[in-house]
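A.B. asks: The structure under discussion is supplied below as structure tokens; questions concerning it will follow.
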2 protein chains.
Amino acid sequence: MTGEAQAPKPLAGVRVLDLGQIYQGPYAGFLLAQAGADVVKMEPPGGEPLRRREVHGGPPSYPLAFLNSNKRSAVCDLKVEEGRELLRRLAGAADVLVENFAPGVLDRLEVGWKTLGDLNPRLIYASGTAYGLSGPDRDRLGMDITVQAASGVMSITGEAGRPPLKAGPALIDFLGGVHLYGGIVSALYERERTGRGRLVEVAMQEAVYPSMLSKLGLMHVEGRPPEPIGNRHGRVSPYNVYPCRDGFVAIICVNERHWRNLVGAMGREELASDPRFEHNEARVAHMEEAEALVAAWTAERSRDEVCRIARECHVPCAPVRDLAEVNADPHLWERGFFENVDHPALGELALPTSPLRFDARSSGPLEPSPELGRDTDAVIAEWLGEASDERSAR
Amino acid sequence: MTGEAQAPKPLAGVRVLDLGQIYQGPYAGFLLAQAGADVVKMEPPGGEPLRRREVHGGPPSYPLAFLNSNKRSAVCDLKVEEGRELLRRLAGAADVLVENFAPGVLDRLEVGWKTLGDLNPRLIYASGTAYGLSGPDRDRLGMDITVQAASGVMSITGEAGRPPLKAGPALIDFLGGVHLYGGIVSALYERERTGRGRLVEVAMQEAVYPSMLSKLGLMHVEGRPPEPIGNRHGRVSPYNVYPCRDGFVAIICVNERHWRNLVGAMGREELASDPRFEHNEARVAHMEEAEALVAAWTAERSRDEVCRIARECHVPCAPVRDLAEVNADPHLWERGFFENVDHPALGELALPTSPLRFDARSSGPLEPSPELGRDTDAVIAEWLGEASDERSAR
């Protein structure tokens with residue numbers, strides 16, 4: 001649908017039925033669409049949950065617009081047999097179906113993997129769930145915050161001595177979604193050789209587990225589960241967020257060169273040979289003092305000044321930025337990560353392209369997310385080779 | 001290397017040179033190895049940074065063991081021309097090369113994309129970086145904590161009125177790594193049709209951006225960047241972490257049915273028709289009271305009791321678990337997510353399989369991570385068809 005003037009994208013020609021809701025499924029669909037697949041977002045007549053404002057006469061939600069660039073939209077009512085039959089026929093013409101309903105929901109409607117995989121042995125059926133398609137917790141309801149609780153994320157986030165805290169980003173949903181994308185494309189690759197599709201499964205609880213590796217390593221060494229320690233590391237110093245006159249910066253010294261460069265920039269070269277601070281283990285043993293030295297230096301400077309000095313002396317450092325600053329980041333704009341889209345319902349807004357870049361090219365141009373059901377007839381005509389006369393099914 | 005008794009895995013036969021360090025590159029390599037590729041972890045003679053303890057005579061680090069199951073290990077010294085030439089020749093026989101050095105490092109050694117892509121037009125060259133291969137911040141040093149600062153993650157994590165806070169998991173590194181995997185597999189699929197490889201690029205700063213979608217949506221509506229609000233949502237209530245007699249639980253009411261069920265279970269049916277709480281908007285307007293009602297009920301019960309009741313009445317709820325509980329989770333064990341590995345250097349330990357499941361099967365059996373350089377000769381013999389007599393290069 002996009003980029004005809006450029007070389008085809010990696011997934012050009014791949015047909016995807018995206019039955020995703022909220023974030024996990026739709027993010028997999030977003031990555032598929034941005035990589036060039038023909039992604040049809042398929043929703044019930046009332047729309048998926050993110051569509052609620054729109055079906056009540058309002059504009060689409062920003063998240064809906066964000067996740068559905070370059071997709072097409074079709075409506076299919078799975079509550080009636082005609083709709084289920086339409087889904088079966090479209091799945092017969094599709095390469096991929098993505099869904100993140102609770103386990104068993106589509107099976108009970110006879111449009112799950114068992115049915116569709118029999119009808120179309122080349123179909124890749126991707127299921128994203130909170131806890132997976134098996135095991136005793138399979139049917140436990142899971143959303144980002146509850147999986148942050150159950151997975152251990154909250155136990156390692158927050159400040160020492162305070163209640164457990166969630167991470168601000170919906171890392172569960174999005175780690176789930178991008179793993180689902182990876183599974184789907186792996187199965188597409190395999191199908192080129194075997195001719196057969198597959199069930200691909202991702203549980204969000206499992207998708208987040210590897211990201212806790214540092215803390216799991218700490219537990220392996222110390223023999224007990226780690227507790228939150230704010231922005232500190234416990235085994236590296238300096239490693240923290242430090243106050244500036246006008247905000248905060250993050251600084252870490254991964255190696256001794258970083259530390260020598262930092263104390264040099266601070267005009268405190270003597271600290272590099274001070275036994276309390278001469279190597280990382282010493283600094284960890286005197287962490288309060290080491291961290292306070294850095295904080296005293298940053299507190300007298302602006303955020304930009306600290307970052308400029310750190311950059312000049314090759315010390316890892318970054319400003320703590322709010323989301324307005326991120327959306328205005330000249331770096332991201334120069335890389336083409338954002339595009340200004342003239343959205344028919346939301347007006348001009350900046351939306352992201354894909355984090356996946358092929359040959360350094362952004363995934364744009366972005367096409368605005370479609371209104372509900374815009375492409376139902378076109379998809380039926382193209383995929384099934386027939387004019388639509390099944391309006392009752394939609 | 002594994003699973004010979006079972007059906008081949010999706011990426012069986014794919015040859016990967018994994019030059020990754022720490023987390024981002026090695027996690028992409030982990031997912032590749034678990035999906036069946038022949039992944040050769042290639043390190044300098046002193047090993048990658050995670051190998052430091054081992055080369056000083058200690059056991060390998062737990063993170064090293066975690067990320068390198070089912071990989072092979074080869075040593076190649078890129079500081080000498082013989083080593084660079086060996087890498088070029090192996091890249092000529094490889095399908096994929098993964099690296100997460102700083103931008104330009106391998107180019108300067110003449111073993112970057114430009115060189116290797118010319119030598120082997122079928123090669124997929126995957127680069128993971130903090131800020132990408134282009135743009136003004138390209139050469140800024142980036143680690144998980146500094147990218148959490150620059151990307152906006154810290155600005156939306158933490159409690160109201162307190163300093164910015166990092167998320168506990170290394171979500172930047174791992175979102176970077178799994179996106180890199182997705183890009184690699186997309187390019188493998190494309191190559192089946194075009195016969196040509198590609199440069200695939202992922203910037204961690206971009207990979208984390210979509211996960212902040214809820215807060216970006218809030219900013220779109222409110223016109224200003226959101227500030228951290230702890231575990232609350234701002235537009236949904238109940239949505240929080242609540243104290244129990246023996247820990248904490250996360251509970252959310254995504255819809256009115258959840259709320260009615262919850263107050264029913266609390267024995268407070270009258271709250272469902274109380275004008276302060278009768279629908280979500282009303283509860284958000286009376287958030288302190290609504291949250292306090294739930295907290296008062298949970299505080300008198302054990303974590304397990306609250307979770308059992310919530311499950312029975314179909315309200316999304318989960319215990320806040322620490323990492324020891326997660327590693328002992330019967331659900332994850334029953335699903336085969338963990339395997340007990342008898343690691344030659346670390347002894348018996350539980351390690352995870354892949355979050356990507358194909359046909360509901362776990363990616364095991366796991367093979368313990370190899371010692372440094374174990375497979376150099378074998379890889380040279382297999383991939384280059386020659387006995388190794390180039391020991392000086394390694």
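Identifiers for the structure tokens are assigned positionally: chains receive A, B, ... in sequence, residues are indexed from 1 per chain, and ligands are indexed from 1 in the order shown.
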With a distance threshold of 6 Å and counting only C-alpha atoms, extract the residues of chain A near chain B and express them as a ChimeraX atom specification.
C.D. replies: /A:10,62-63,135-136,141,146,149-150,152,155-157,166-171,174,182-183,185-186,189-190,199-202,206-207,211-212,217,225,231,250,316-324,331,334-335,355-359
A.B. asks: Quick one: pull the distance between atom CA of Leu87 of chain B and atom CA of Gly117 of chain B, Å, one decimal.
C.D. replies: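 Rounded to one decimal, the two atoms are 12.7 Å apart.
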A.B. asks: When DSSP works through the backbone of this structure, what residues of segment 120-309 of chain A end up as alpha helix (DSSP H), shown as a ChimeraX atom specification?
C.D. replies: /A:144-150,171-194,204-208,213-222,256-265,280-285,287-299,303-309
A.B. asks: Measure the distance from atom CA of Asp246 of chain A to atom CA of His258 of chain A in Å and round it to one decimal.
C.D. replies: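 So the two atoms, atom CA of Asp246 of chain A and atom CA of His258 of chain A, lie 24.1 Å apart.
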A.B. asks: Give me, please, the distance in Å between atom CA of Leu90 of chain A and atom CA of Arg52 of chain A, quoted to one decimal.
C.D. replies: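 Going from atom CA of Leu90 of chain A over to atom CA of Arg52 of chain A, I get 25.2 Å.
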A.B. asks: Would you kindly return, as an MDAnalysis selection string, each protein, DNA or RNA residue with an atom no farther than 12 Å from any atom of segment 267-278 of chain B, considering only C-alpha atoms and excluding same-chain residues fewer than 6 positions away?
C.D. replies: chainID B and resid 236:238 255:261 284:291 293:294 297 309
A.B. asks: Counting only C-alpha atoms, figure out which residue out of A:Val306, A:Leu109, A:Ala292, A:Val40 gets nearest to Glu82 of chain A.
C.D. replies: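 Of all the options, A:Leu109 lies closest to Glu82 of chain A.
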A.B. asks: Write out as a list in words each polymer residue whose atoms come within 6 Å of Met42 of chain A, counting only C-alpha atoms; drop sequence neighbours fewer than 4 positions from it.
C.D. replies: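 Those residues are Asp18, Leu19, Ala74 and Val75 of chain A.
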A.B. asks: Enumerate the residues of segment 230-346 of chain B with a DSSP assignment of strand (DSSP E or B), computed from the backbone, and present them as a ChimeraX atom specification.
C.D. replies: /B:239-244,247-252,317-319,338-343
A.B. asks: Kindly indicate which residue among A:Gly112, A:Pro44, A:Gly36, A:Pro344 lies nearest to Glu371 of chain A, using only C-alpha atoms for the distances.
C.D. replies: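 Comparing A:Gly112, A:Pro44, A:Gly36, A:Pro344 against Glu371 of chain A, the winner is A:Pro344.
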